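J.: There's a structure below that I have some questions on.
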Amino acid sequence: MNESVWLPLLVIASSLIPGVIIFALAERRVKLRTTLNLCGALLKMALVGAMLWGVYHGQHYEVRLALLPQLELVLRADALSLLFVTLSSVLWLVTTVYAIGYLEGSPNRSRFFGFFSLCVTATVGLALAGNLITFLIFYELLTLATYPLIMHRGTEASRRAGKIYLRYTMAGGALLLVAIIWLYTLSGTLEFTPQGFLDGIDEQHHPALIIIFVLLIAGLGVKAALVPLHGWLPEAMVAPAPVSALLHAVAVVKAGAFGIIRVVYDVFGVDFATLLGVTGPLVIVAAITIVYGSLRALFQDDLKRRLAYSTVSQVAYITLGVAIAGPIAAVGGMVHLVHQGLMKITLFFCAGNLAETLGIHKVSEMNGVGRRMPWTMAAFTVGVFGMIGAPPVAGFISKWYLGMGALEMDQGWLILVLAASSLLNAAYFLPILYAAWFCEPSGPWPEERNFGRKETAWALLLPPVVTALLALAVGLLALAPFTPLAWVEFVVQREFVP
Amino acid sequence: MMNSDPYGALLWIVVGWPLLLAIPAVRRCLPMADYFAILPALLLLLLPMDFSSTLSWLLLGTGVSIDGERRWILATVVLIWALVAMKRRATPHTTPHGQNTFYLLTLAGTLGMVMASDRVGFFSFATLMGYSFYGLLLWGQSKPLEAVRRGARSYLICLIIADLLLFEALLLSAFNPQMEVSRLYLLMVCGAVVLKAGIWPAHFWLNASYRAASPLSALLLVLPVVMALFALLRWLPLGHVDDGVAGLLILITAGASILYAGWRFVQRPVQGERLAWLSLFASGWVIASVGVGLIEPLWWLQYGTLIYPLIAAVAVILLMVALLRPPPASPSQSGDSALWMGRMWIGCSSLSCKLFAGYSLCYKAGLQRAKQLQNGLERRDLIGLLSNWRNATTLFVLLGIALAWLVN
Amino acid sequence: MVPSSEIPWGALLILLPLAAAILCFVWPKLAVVTGVVTMLLLTLAVGGFAWQLQREGLYQHAVGGWETPLGIGLYGDGLSLLMLAMTVLVGLAITLYARSYFNQKQARVFWPLWLLLLAALNALFLSADIFNLYITLEMVGLAAVALVALKGGRDALNGAMRYLLATLLGSLTYLLGVALLYHSYGTVDLVLLAERIDNSPVVWAALGLMGAGLLLKTALFPLHFWLPAAHASAPAPISALLSALLVKASFYIFLRLWLVLFAPLGGDVALLLGLLGAVAILWGSWQALRQTRLKLLVAYSTVAQIGYLFVAFPLAAAAGAMLWNGVSYLMLSHALAKAAMFLAAGNLLLFGGHDRIAELDRAVQRLPISTAAFALAGVSIMGVPPSGGFIGKWLLLEAAIEQGYWLLAAVMVVGGLLASAYIFKVVGYAFTRSTATPEPQSIPMGMEWAALLLAIASILLGFTAPWVFALLGIGDPFGGGAP
């Protein structure tokens, strides 16, 4: 066993094993649980760091485990997977800190953190997946691990949300399964290969391949919340804030988007997908999603619901970038994977802080909240400007590359879509900022908790501030080495330069 | 242009320093942060040479630089901020605490806009300035009036749309640098400027804001106008492009603005609005010259550099007028602050006259007016004095003479 | 000391539980100890058998030295091994569970019957002729009927009665077919029959009778009518036994017969079986979804899962051995998962005093281990990765899609979705807020862990497929036609 084999396994194990132990822990073992959680998260970050260094220097990490005589479970660390793995491990650490603060004193924490760790395990696993079947395994595991998290509160609303979530994701998983098997019967392999492995297939199978593509995208689109498959996402916001944060920024939604990237680049290959003529419709779907999500967000009074619809819209940027099928747009799409994660997690953290500290759930209750919780709202503001795409926050960089990519591929109309989205983003986010900063509080807060001189608990305040700073930093220092942008360019080179 | 490290660092400090001070915790350690914030900028103004600094890792490779043309604008900006700072110190109790943050953010954005050497950087700073200015407008009052809100809201809408236009223009030009001067690009940039500077037909926000403005906001409102006009100069490759249609469109807009502003001005508007019409009138002329520049590139190459002093002059006039404007019926205004205003008026008028290369007539006239005004102030007969609009128009004419002299 | 390679592991597998059963019957006080020890020994024996099989290939043993066709032949290949291993795995858990489940009076009856049943099952999986298969099948059935009736009471007797009728009807029909074949060809040995058999009306009639009997016992739709009531009314370990092992026993015979006798004659019958399987999947899942009682839900889920086994038949001709591997794997993982589910359901029932799903939340939340077992087993039943059920379903789906049986593929997928619906209908209660006050846990740990371990095993099966397939390939049970 050399390090190239055990490193990916350790990355998976560093959250799986704490997760399993946490399940077995009694509810009152708070310290041990916290230690396990944090150690796991830190260890994972360290391991991922080591892997990043290795991959950058040409090291090859791969584990294979036979599942069926011709099919293997493959964990492989390539540049693209590391992008997602790094995002998940960093945000996991942050979210764990947040969740510890958020759930302090609430029941069923062992269960929560157990599934929380499983959820991250699944995310990291599907990021490291080296073929479609491995991806599918972790994709389904993610569905199962997230369900208890969504249901965590145990209210009638969360039951309903859980049910809807399952309905969507199980159906999506089934479609994915069918598509993958079909693909396997046609091609005989499922291994992710740069520029795809399908272009050798006989022309008579092309119609079948188109259907497979549609099935794959439909299966992945459920999680990526592409319209009209997005229905579960706004419902799922009844989950506790750390879950929503993780769900919208890293785990579920991103898993879908990441899957779409994999399918277009490493299964079909951009050139072949373009040849099949499937990227065009995908662009249209993504564009519709972008506009539709923003439009719906405009009319939500529930803060988290508004954020959820905003996710619908923002995650479609990733799909859009991939579907435009040019290198620059690809950079924009993939880098948005990270950027949206940082920004959206900040927003959800802040929404959670408001709910937890002041009992605020609705936009209409947010008058004057900026003076009561300036740091939280400052972080929120950074997130909002990122979403709008205002420089120098991360969202600007994504939008810039997407726009350039659209121009590069002669799809100038997409600029209008992006502009419309920015406009709508501004229309539904800026009133929140206005109310928070410039309005007088309309009365006492719904349920205020006292934290002395601080605006809220440290564990709740630190994560959003950190992620907001990160979102600012990755935008501001976009061209520095080792930013997401630099890494994504490294990834895209592999796909577009033969 | 020279590119030496200590000077480059100074450029970044000019921008970064106010940003740093914008953090409340840092600001609290420093008394008189308002003044300290513009100190590096002042220092830069005093350094005679041109230099630049580019950081390849910042944003998409952003740089800052300073040269003769920008010095005009920088001076204007420093002037505005110095006045505002003085004014703020004069009325310490009426400014709520959080305003400082917006104030310093706006300052940083403005300085950054002046010095940004590429469009992405410019755009970033413009965004920073725009949104924090919005905050400043609203936070200026502890309990914003409905009118202030309305003005701010209109400004925000214009700002968002203008930023979008600029962004798309930016994309277009970055995507294909050779074809950057397509008509679409020109019109998008002009559109954005029209929105941001409150030029007809987007004058409504300026109008509404002025009408509700406090003395402080009245000073501040000069800022977006100046910066938007400056943006026009920075973004249009004037002198290198010959686009009659776009030029004509701009000229028409400018003409309409001037006529409209003049007409409204004559109609004896309410006190606050006069400033708005004056502003529109002045910026109309600036735009008009740009329009001419688009139609006649050669003319622009010859006389184009004068536009910077022109903008500076417009700013100074607007500032002076704004300073003279009475507060909107607020009885709490104390005599002390009125005296402060008077002293500032002297300072600013002399400073502004110095700016025009020591043109003696201007200087004398300015001094004379200042003395008159101070007398007025000491008689505490502000309103009577300020209703005398000849002061302002005289100055404007004087400025015109000054410019003509400079051109020759 | 006899070298371990020469120990007749196969015979031991039958004789050991038989002897133990008698022991239990004679000394009821020792019943529990005997049962547990025997189970452990059986595990060892299966291990030994597997080792022997792997070393020597096919296992053939003539009892008492009489060769076929006269004597009783024991025969073992990879498929037998799989079934034996399945029996032992499920048996271990049931033994662990039953240790604390039955009171003393019930235990006195349970252990002898249970060991007898094990002996019969092992004998069934090692039989090589159709008559022996009948005998063992009958033994299994009768022991099972007695077990179902174990608890007494109207429900149990009613269920036992139904079960008795079904099982007798099934085995009698089967016996009729055996008689016909024996009359025509003079042998009951499978290999010899396969050589002699031809396409005649008698054969058709015989095979039809045998098949119908076995299908009745396997409870393929529409012959499943007896199953839900019987499986649901029995005590938990017995339900687990019935669903996990007994149904598989008759399926095993059917599969053997199919591979050797039916397949060459098959044709449209295969398609019919496939369609019935498909309907079973949909009907069973739908019924499961509609149930308001937990055990009935699990029982209907068995009906659906059996459908999966039959869906493979029309695909087999073109797909070859790998498909049967998949079917066997599905069988194995279903056995483990379904046993786990019944055991977990038993815990919930015991704790809550009822099994009405809508009022289950209190029990579900107080018994996290059982609930986890139910959920994990459910994962395998749904065919969601990573689990044994997923591997089996993958192979089936692959064959269906490759051969263009879109309808079957769609049914399998929909079945999986329905399965997830009914499983989460139960598991969802784990997360609601119940207002019940905390109370001391009254379920013995052994019973909870028995369920959980089985469920975990059914999940882990998702990673062992190549290894199991290698064992399954011993003696080439699906290959050239000869068993």
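Labels for the structure tokens follow display order: chains A, B, ..., residues from 1 in each chain, ligands from 1.
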Can you check which residues of region 60-286 of chain C DSSP gives as helix (DSSP H, G or I) on the backbone and send them as a ChimeraX atom specification?

T.: /C:63-65,78-101,104-125,130-151,154-185,190-196,201-218,227-233,236-265,268-286

J.: Dump as a tab-separated table the rows for residues of chain B within 8 Å of chain A: closest atom pair and distance in Å with one decimal, only C-alpha atoms counted, ordered by chain and rising residue number.

T.:
```
residue	atom	partner	partner_atom	distance
B:Ser56	CA	A:Leu479	CA	6.9
B:Trp57	CA	A:Ala480	CA	4.3
B:Leu58	CA	A:Leu477	CA	4.8
B:Leu59	CA	A:Leu476	CA	4.6
B:Leu60	CA	A:Leu479	CA	6.0
B:Gly61	CA	A:Leu479	CA	7.0
B:Phe123	CA	A:Pro391	CA	7.5
B:Ser124	CA	A:Pro391	CA	4.8
B:Thr127	CA	A:Ala390	CA	6.7
B:Leu128	CA	A:Pro391	CA	8.0
B:Gly135	CA	A:Phe438	CA	7.9
B:Leu138	CA	A:Phe438	CA	6.6
B:Trp139	CA	A:Phe438	CA	6.6
B:Lys143	CA	A:Glu440	CA	7.7
B:Ile160	CA	A:Leu423	CA	7.2
B:Ile161	CA	A:Leu423	CA	7.5
B:Leu164	CA	A:Ala419	CA	6.5
B:Glu168	CA	A:Ile415	CA	7.4
B:Leu171	CA	A:Met404	CA	6.2
B:Phe175	CA	A:Met404	CA	6.1
```

J.: Enter the distance from CA of Leu454 (chain C) to CA of Pro18 (chain A), in Å, rounded to one decimal.

T.: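 The value is 22.5 Å.
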
J.: Could you name the residues that touch Ile261 (chain A) at 12 Å or less, counting only C-alpha atoms, but leaving out those on the same chain fewer than 4 positions away, as a PDB file with N, CA and C atoms, in the first residue's frame?

T.:
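What landed in around11.pdb:
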```pdb
ATOM      1  N   LEU A  80     -10.326  18.072 -11.235  1.00  0.00           N
ATOM      2  CA  LEU A  80     -11.723  18.484 -11.083  1.00  0.00           C
ATOM      3  C   LEU A  80     -12.293  17.980  -9.769  1.00  0.00           C
ATOM      4  N   SER A  81     -12.009  16.719  -9.469  1.00  0.00           N
ATOM      5  CA  SER A  81     -12.584  16.199  -8.237  1.00  0.00           C
ATOM      6  C   SER A  81     -12.017  16.940  -7.034  1.00  0.00           C
ATOM      7  N   PHE A  84     -13.867  20.085  -6.012  1.00  0.00           N
ATOM      8  CA  PHE A  84     -15.070  19.858  -5.231  1.00  0.00           C
ATOM      9  C   PHE A  84     -14.735  19.333  -3.836  1.00  0.00           C
ATOM     10  N   ALA A 127     -17.313  13.203  -5.295  1.00  0.00           N
ATOM     11  CA  ALA A 127     -16.323  14.057  -5.942  1.00  0.00           C
ATOM     12  C   ALA A 127     -15.137  13.219  -6.417  1.00  0.00           C
ATOM     13  N   PHE A 192     -14.614   7.610 -16.094  1.00  0.00           N
ATOM     14  CA  PHE A 192     -14.515   9.013 -16.501  1.00  0.00           C
ATOM     15  C   PHE A 192     -13.208   9.218 -17.253  1.00  0.00           C
ATOM     16  N   PRO A 194     -11.084  12.157 -19.655  1.00  0.00           N
ATOM     17  CA  PRO A 194     -11.117  13.507 -20.221  1.00  0.00           C
ATOM     18  C   PRO A 194     -11.513  13.441 -21.690  1.00  0.00           C
ATOM     19  N   GLN A 195     -12.410  14.322 -22.087  1.00  0.00           N
ATOM     20  CA  GLN A 195     -12.959  14.380 -23.437  1.00  0.00           C
ATOM     21  C   GLN A 195     -13.824  13.185 -23.775  1.00  0.00           C
ATOM     22  N   GLY A 196     -14.272  12.471 -22.741  1.00  0.00           N
ATOM     23  CA  GLY A 196     -15.311  11.479 -22.951  1.00  0.00           C
ATOM     24  C   GLY A 196     -14.834  10.157 -23.489  1.00  0.00           C
ATOM     25  N   LEU A 216     -29.687  11.167 -18.052  1.00  0.00           N
ATOM     26  CA  LEU A 216     -28.635  11.514 -17.095  1.00  0.00           C
ATOM     27  C   LEU A 216     -28.852  12.916 -16.547  1.00  0.00           C
ATOM     28  N   ILE A 217     -29.122  13.825 -17.457  1.00  0.00           N
ATOM     29  CA  ILE A 217     -29.288  15.207 -17.013  1.00  0.00           C
ATOM     30  C   ILE A 217     -30.539  15.331 -16.154  1.00  0.00           C
ATOM     31  N   LEU A 220     -29.624  13.966 -12.771  1.00  0.00           N
ATOM     32  CA  LEU A 220     -28.745  14.872 -12.033  1.00  0.00           C
ATOM     33  C   LEU A 220     -29.435  16.208 -11.796  1.00  0.00           C
ATOM     34  N   GLY A 221     -30.284  16.568 -12.756  1.00  0.00           N
ATOM     35  CA  GLY A 221     -30.955  17.865 -12.672  1.00  0.00           C
ATOM     36  C   GLY A 221     -31.890  17.955 -11.481  1.00  0.00           C
ATOM     37  N   ALA A 224     -29.580  19.114  -8.960  1.00  0.00           N
ATOM     38  CA  ALA A 224     -29.085  20.438  -9.329  1.00  0.00           C
ATOM     39  C   ALA A 224     -30.226  21.449  -9.420  1.00  0.00           C
ATOM     40  N   LYS A 254     -24.943  20.844  -5.251  1.00  0.00           N
ATOM     41  CA  LYS A 254     -23.662  20.811  -5.952  1.00  0.00           C
ATOM     42  C   LYS A 254     -23.360  19.427  -6.506  1.00  0.00           C
ATOM     43  N   ALA A 255     -23.838  18.418  -5.804  1.00  0.00           N
ATOM     44  CA  ALA A 255     -23.602  17.068  -6.314  1.00  0.00           C
ATOM     45  C   ALA A 255     -24.222  16.942  -7.701  1.00  0.00           C
ATOM     46  N   GLY A 256     -25.432  17.472  -7.836  1.00  0.00           N
ATOM     47  CA  GLY A 256     -26.069  17.437  -9.140  1.00  0.00           C
ATOM     48  C   GLY A 256     -25.278  18.219 -10.177  1.00  0.00           C
ATOM     49  N   ALA A 257     -24.882  19.398  -9.800  1.00  0.00           N
ATOM     50  CA  ALA A 257     -24.151  20.240 -10.749  1.00  0.00           C
ATOM     51  C   ALA A 257     -22.812  19.593 -11.120  1.00  0.00           C
ATOM     52  N   TYR A 265     -18.332  16.556 -19.597  1.00  0.00           N
ATOM     53  CA  TYR A 265     -16.913  16.573 -19.937  1.00  0.00           C
ATOM     54  C   TYR A 265     -16.273  15.206 -19.992  1.00  0.00           C
ATOM     55  N   ASP A 266     -16.583  14.383 -18.996  1.00  0.00           N
ATOM     56  CA  ASP A 266     -15.800  13.161 -18.875  1.00  0.00           C
ATOM     57  C   ASP A 266     -16.538  11.917 -19.339  1.00  0.00           C
ATOM     58  N   VAL A 267     -17.826  12.066 -19.644  1.00  0.00           N
ATOM     59  CA  VAL A 267     -18.530  10.911 -20.196  1.00  0.00           C
ATOM     60  C   VAL A 267     -18.761  11.132 -21.694  1.00  0.00           C
ATOM     61  N   PHE A 268     -19.443  12.207 -22.007  1.00  0.00           N
ATOM     62  CA  PHE A 268     -19.717  12.473 -23.423  1.00  0.00           C
ATOM     63  C   PHE A 268     -18.554  13.206 -24.082  1.00  0.00           C
ATOM     64  N   GLY A 269     -17.959  14.094 -23.354  1.00  0.00           N
ATOM     65  CA  GLY A 269     -16.935  14.929 -23.971  1.00  0.00           C
ATOM     66  C   GLY A 269     -17.612  16.097 -24.662  1.00  0.00           C
ATOM     67  N   VAL A 270     -17.015  17.252 -24.547  1.00  0.00           N
ATOM     68  CA  VAL A 270     -17.683  18.449 -25.069  1.00  0.00           C
ATOM     69  C   VAL A 270     -17.931  18.339 -26.568  1.00  0.00           C
ATOM     70  N   ALA A 273     -20.642  15.829 -27.324  1.00  0.00           N
ATOM     71  CA  ALA A 273     -21.949  16.333 -26.892  1.00  0.00           C
ATOM     72  C   ALA A 273     -22.456  17.396 -27.867  1.00  0.00           C
ATOM     73  N   THR A 279     -26.071  19.983 -26.245  1.00  0.00           N
ATOM     74  CA  THR A 279     -25.689  21.090 -25.371  1.00  0.00           C
ATOM     75  C   THR A 279     -26.611  22.291 -25.558  1.00  0.00           C
ATOM     76  N   LEU A 282     -29.599  22.108 -23.424  1.00  0.00           N
ATOM     77  CA  LEU A 282     -29.187  22.248 -22.016  1.00  0.00           C
ATOM     78  C   LEU A 282     -28.964  23.721 -21.671  1.00  0.00           C
ATOM     79  N   ALA A 316     -27.846  27.022 -11.606  1.00  0.00           N
ATOM     80  CA  ALA A 316     -27.977  26.834 -13.045  1.00  0.00           C
ATOM     81  C   ALA A 316     -26.849  27.533 -13.808  1.00  0.00           C
ATOM     82  N   TYR A 317     -26.184  28.481 -13.173  1.00  0.00           N
ATOM     83  CA  TYR A 317     -25.016  29.094 -13.800  1.00  0.00           C
ATOM     84  C   TYR A 317     -23.974  28.034 -14.139  1.00  0.00           C
ATOM     85  N   ILE A 318     -23.834  27.100 -13.205  1.00  0.00           N
ATOM     86  CA  ILE A 318     -22.832  26.051 -13.409  1.00  0.00           C
ATOM     87  C   ILE A 318     -23.204  25.243 -14.647  1.00  0.00           C
ATOM     88  N   THR A 319     -24.469  24.844 -14.667  1.00  0.00           N
ATOM     89  CA  THR A 319     -24.940  24.089 -15.818  1.00  0.00           C
ATOM     90  C   THR A 319     -24.764  24.900 -17.091  1.00  0.00           C
ATOM     91  N   LEU A 320     -25.089  26.159 -16.999  1.00  0.00           N
ATOM     92  CA  LEU A 320     -24.965  27.017 -18.177  1.00  0.00           C
ATOM     93  C   LEU A 320     -23.525  27.034 -18.669  1.00  0.00           C
ATOM     94  N   GLY A 321     -22.608  27.239 -17.743  1.00  0.00           N
ATOM     95  CA  GLY A 321     -21.204  27.304 -18.127  1.00  0.00           C
ATOM     96  C   GLY A 321     -20.748  26.026 -18.793  1.00  0.00           C
ATOM     97  N   VAL A 322     -21.246  24.922 -18.294  1.00  0.00           N
ATOM     98  CA  VAL A 322     -20.853  23.646 -18.876  1.00  0.00           C
ATOM     99  C   VAL A 322     -21.477  23.482 -20.252  1.00  0.00           C
ATOM    100  N   ALA A 323     -22.746  23.890 -20.351  1.00  0.00           N
ATOM    101  CA  ALA A 323     -23.475  23.624 -21.583  1.00  0.00           C
ATOM    102  C   ALA A 323     -23.058  24.535 -22.727  1.00  0.00           C
ATOM    103  N   ILE A 324     -22.519  25.680 -22.415  1.00  0.00           N
ATOM    104  CA  ILE A 324     -22.077  26.568 -23.480  1.00  0.00           C
ATOM    105  C   ILE A 324     -20.972  25.894 -24.275  1.00  0.00           C
ATOM    106  N   ALA A 325     -20.237  25.016 -23.606  1.00  0.00           N
ATOM    107  CA  ALA A 325     -19.286  24.139 -24.284  1.00  0.00           C
ATOM    108  C   ALA A 325     -18.079  24.864 -24.859  1.00  0.00           C
ATOM    109  N   ALA A 330     -16.618  27.293 -19.509  1.00  0.00           N
ATOM    110  CA  ALA A 330     -16.401  26.176 -18.600  1.00  0.00           C
ATOM    111  C   ALA A 330     -15.711  26.667 -17.337  1.00  0.00           C
ATOM    112  N   VAL A 331     -14.748  27.544 -17.518  1.00  0.00           N
ATOM    113  CA  VAL A 331     -14.082  28.114 -16.350  1.00  0.00           C
ATOM    114  C   VAL A 331     -15.113  28.823 -15.474  1.00  0.00           C
ATOM    115  N   GLY A 333     -18.357  28.363 -15.298  1.00  0.00           N
ATOM    116  CA  GLY A 333     -19.281  27.440 -14.656  1.00  0.00           C
ATOM    117  C   GLY A 333     -18.637  26.721 -13.487  1.00  0.00           C
ATOM    118  N   MET A 334     -17.441  26.200 -13.743  1.00  0.00           N
ATOM    119  CA  MET A 334     -16.831  25.396 -12.686  1.00  0.00           C
ATOM    120  C   MET A 334     -16.418  26.262 -11.506  1.00  0.00           C
ATOM    121  N   VAL A 335     -15.933  27.444 -11.804  1.00  0.00           N
ATOM    122  CA  VAL A 335     -15.494  28.273 -10.691  1.00  0.00           C
ATOM    123  C   VAL A 335     -16.708  28.729  -9.884  1.00  0.00           C
ATOM    124  N   HIS A 336     -17.849  28.766 -10.546  1.00  0.00           N
ATOM    125  CA  HIS A 336     -19.052  29.141  -9.807  1.00  0.00           C
ATOM    126  C   HIS A 336     -19.440  28.056  -8.814  1.00  0.00           C
ATOM    127  N   LEU A 337     -19.031  26.840  -9.103  1.00  0.00           N
ATOM    128  CA  LEU A 337     -19.249  25.749  -8.156  1.00  0.00           C
ATOM    129  C   LEU A 337     -18.714  26.141  -6.785  1.00  0.00           C
ATOM    130  N   VAL A 491      -7.898  22.747 -14.551  1.00  0.00           N
ATOM    131  CA  VAL A 491      -8.813  21.655 -14.893  1.00  0.00           C
ATOM    132  C   VAL A 491      -9.238  21.742 -16.349  1.00  0.00           C
ATOM    133  N   VAL A 492      -9.583  22.942 -16.749  1.00  0.00           N
ATOM    134  CA  VAL A 492     -10.187  23.101 -18.068  1.00  0.00           C
ATOM    135  C   VAL A 492      -9.167  22.827 -19.170  1.00  0.00           C
ATOM    136  N   GLU A 495      -9.352  19.416 -20.262  1.00  0.00           N
ATOM    137  CA  GLU A 495     -10.490  19.032 -21.090  1.00  0.00           C
ATOM    138  C   GLU A 495     -10.384  19.566 -22.514  1.00  0.00           C
TER     139      GLU A 495
END
```

J.: With 10 Å as the limit and counting only C-alpha atoms, what residues in chain A lie close to chain C? Please list them as a ChimeraX atom specification.

T.: /A:23-24,65-73,108,111,133-134,136-141,143-144,147-156,158-160,162-163,166-167,170-171,173-175,177-186

J.: Now that the selection is made, can you save its residues with C-alpha atoms as a PDB file, in the first residue's frame?

T.:
```
ATOM      1  CA  PHE A  23     -24.054   7.543  15.972  1.00  0.00           C
ATOM      2  CA  ALA A  24     -23.098   5.300  18.811  1.00  0.00           C
ATOM      3  CA  LEU A  65     -12.240  -2.137  -5.576  1.00  0.00           C
ATOM      4  CA  ALA A  66     -14.122  -4.685  -7.626  1.00  0.00           C
ATOM      5  CA  LEU A  67     -17.891  -4.389  -7.320  1.00  0.00           C
ATOM      6  CA  LEU A  68     -18.861  -6.756 -10.068  1.00  0.00           C
ATOM      7  CA  PRO A  69     -16.631  -8.782 -12.303  1.00  0.00           C
ATOM      8  CA  GLN A  70     -16.214  -5.989 -14.830  1.00  0.00           C
ATOM      9  CA  LEU A  71     -17.153  -3.041 -12.729  1.00  0.00           C
ATOM     10  CA  GLU A  72     -15.036  -1.408 -10.140  1.00  0.00           C
ATOM     11  CA  LEU A  73     -15.497   1.109  -7.412  1.00  0.00           C
ATOM     12  CA  ASN A 108     -30.968  14.315  18.869  1.00  0.00           C
ATOM     13  CA  ARG A 111     -28.101  11.515  15.149  1.00  0.00           C
ATOM     14  CA  ILE A 133     -21.160   3.658 -10.957  1.00  0.00           C
ATOM     15  CA  THR A 134     -19.060   4.951  -8.096  1.00  0.00           C
ATOM     16  CA  LEU A 136     -24.091   6.701  -8.518  1.00  0.00           C
ATOM     17  CA  ILE A 137     -23.313   4.871  -5.304  1.00  0.00           C
ATOM     18  CA  PHE A 138     -22.320   8.015  -3.501  1.00  0.00           C
ATOM     19  CA  TYR A 139     -25.085   9.979  -5.141  1.00  0.00           C
ATOM     20  CA  GLU A 140     -27.689   7.676  -3.669  1.00  0.00           C
ATOM     21  CA  LEU A 141     -25.867   7.561  -0.363  1.00  0.00           C
ATOM     22  CA  THR A 143     -29.851  11.149  -0.845  1.00  0.00           C
ATOM     23  CA  LEU A 144     -30.213   8.792   2.057  1.00  0.00           C
ATOM     24  CA  TYR A 147     -33.090  12.840   4.273  1.00  0.00           C
ATOM     25  CA  PRO A 148     -32.738  12.575   8.064  1.00  0.00           C
ATOM     26  CA  LEU A 149     -31.099  15.974   8.131  1.00  0.00           C
ATOM     27  CA  ILE A 150     -33.995  17.588   6.339  1.00  0.00           C
ATOM     28  CA  MET A 151     -36.406  15.839   8.662  1.00  0.00           C
ATOM     29  CA  HIS A 152     -34.364  16.707  11.715  1.00  0.00           C
ATOM     30  CA  ARG A 153     -36.790  19.120  13.280  1.00  0.00           C
ATOM     31  CA  GLY A 154     -39.537  16.552  13.203  1.00  0.00           C
ATOM     32  CA  THR A 155     -42.365  18.971  12.633  1.00  0.00           C
ATOM     33  CA  GLU A 156     -45.177  18.367  10.230  1.00  0.00           C
ATOM     34  CA  SER A 158     -40.281  18.944   7.848  1.00  0.00           C
ATOM     35  CA  ARG A 159     -42.009  15.622   7.340  1.00  0.00           C
ATOM     36  CA  ARG A 160     -43.649  17.025   4.282  1.00  0.00           C
ATOM     37  CA  GLY A 162     -38.653  15.101   3.616  1.00  0.00           C
ATOM     38  CA  LYS A 163     -41.341  13.329   1.664  1.00  0.00           C
ATOM     39  CA  LEU A 166     -37.401  11.809  -1.340  1.00  0.00           C
ATOM     40  CA  ARG A 167     -39.944  11.715  -4.087  1.00  0.00           C
ATOM     41  CA  MET A 170     -35.377   8.826  -5.558  1.00  0.00           C
ATOM     42  CA  ALA A 171     -36.995   9.306  -8.935  1.00  0.00           C
ATOM     43  CA  GLY A 173     -31.706   8.361  -8.824  1.00  0.00           C
ATOM     44  CA  ALA A 174     -33.810   5.810 -10.676  1.00  0.00           C
ATOM     45  CA  LEU A 175     -33.468   7.712 -13.929  1.00  0.00           C
ATOM     46  CA  LEU A 177     -29.540   4.252 -12.722  1.00  0.00           C
ATOM     47  CA  VAL A 178     -31.353   3.388 -15.928  1.00  0.00           C
ATOM     48  CA  ALA A 179     -29.251   5.790 -17.919  1.00  0.00           C
ATOM     49  CA  ILE A 180     -26.003   4.497 -16.498  1.00  0.00           C
ATOM     50  CA  ILE A 181     -26.870   0.889 -17.140  1.00  0.00           C
ATOM     51  CA  TRP A 182     -27.976   1.682 -20.639  1.00  0.00           C
ATOM     52  CA  LEU A 183     -24.787   3.527 -21.246  1.00  0.00           C
ATOM     53  CA  TYR A 184     -22.863   0.607 -19.902  1.00  0.00           C
ATOM     54  CA  THR A 185     -24.552  -1.828 -22.245  1.00  0.00           C
ATOM     55  CA  LEU A 186     -23.664   0.408 -25.166  1.00  0.00           C
TER      56      LEU A 186
END
```

J.: Excluding same-chain residues fewer than 4 positions from Leu147 (chain C), what lies within 8 Å of it counting only C-alpha atoms, as a PyMOL selection string?

T.: chain C and resi 110+113-114+143+234+238

J.: Okay, now the selection with C-alpha atoms, as an mmCIF file, in the first residue's frame?

T.:
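Dumped to part06.cif:
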```cif
data_model
loop_
_atom_site.group_PDB
_atom_site.id
_atom_site.type_symbol
_atom_site.label_atom_id
_atom_site.label_comp_id
_atom_site.auth_asym_id
_atom_site.auth_seq_id
_atom_site.Cartn_x
_atom_site.Cartn_y
_atom_site.Cartn_z
ATOM 1 C CA PHE C 110 -39.488 -23.803 19.082
ATOM 2 C CA LEU C 113 -38.773 -27.539 15.340
ATOM 3 C CA TRP C 114 -36.289 -24.900 14.349
ATOM 4 C CA ALA C 143 -42.007 -27.762 10.433
ATOM 5 C CA ALA C 234 -46.378 -15.543 12.779
ATOM 6 C CA ILE C 238 -40.743 -17.193 12.313
#
```
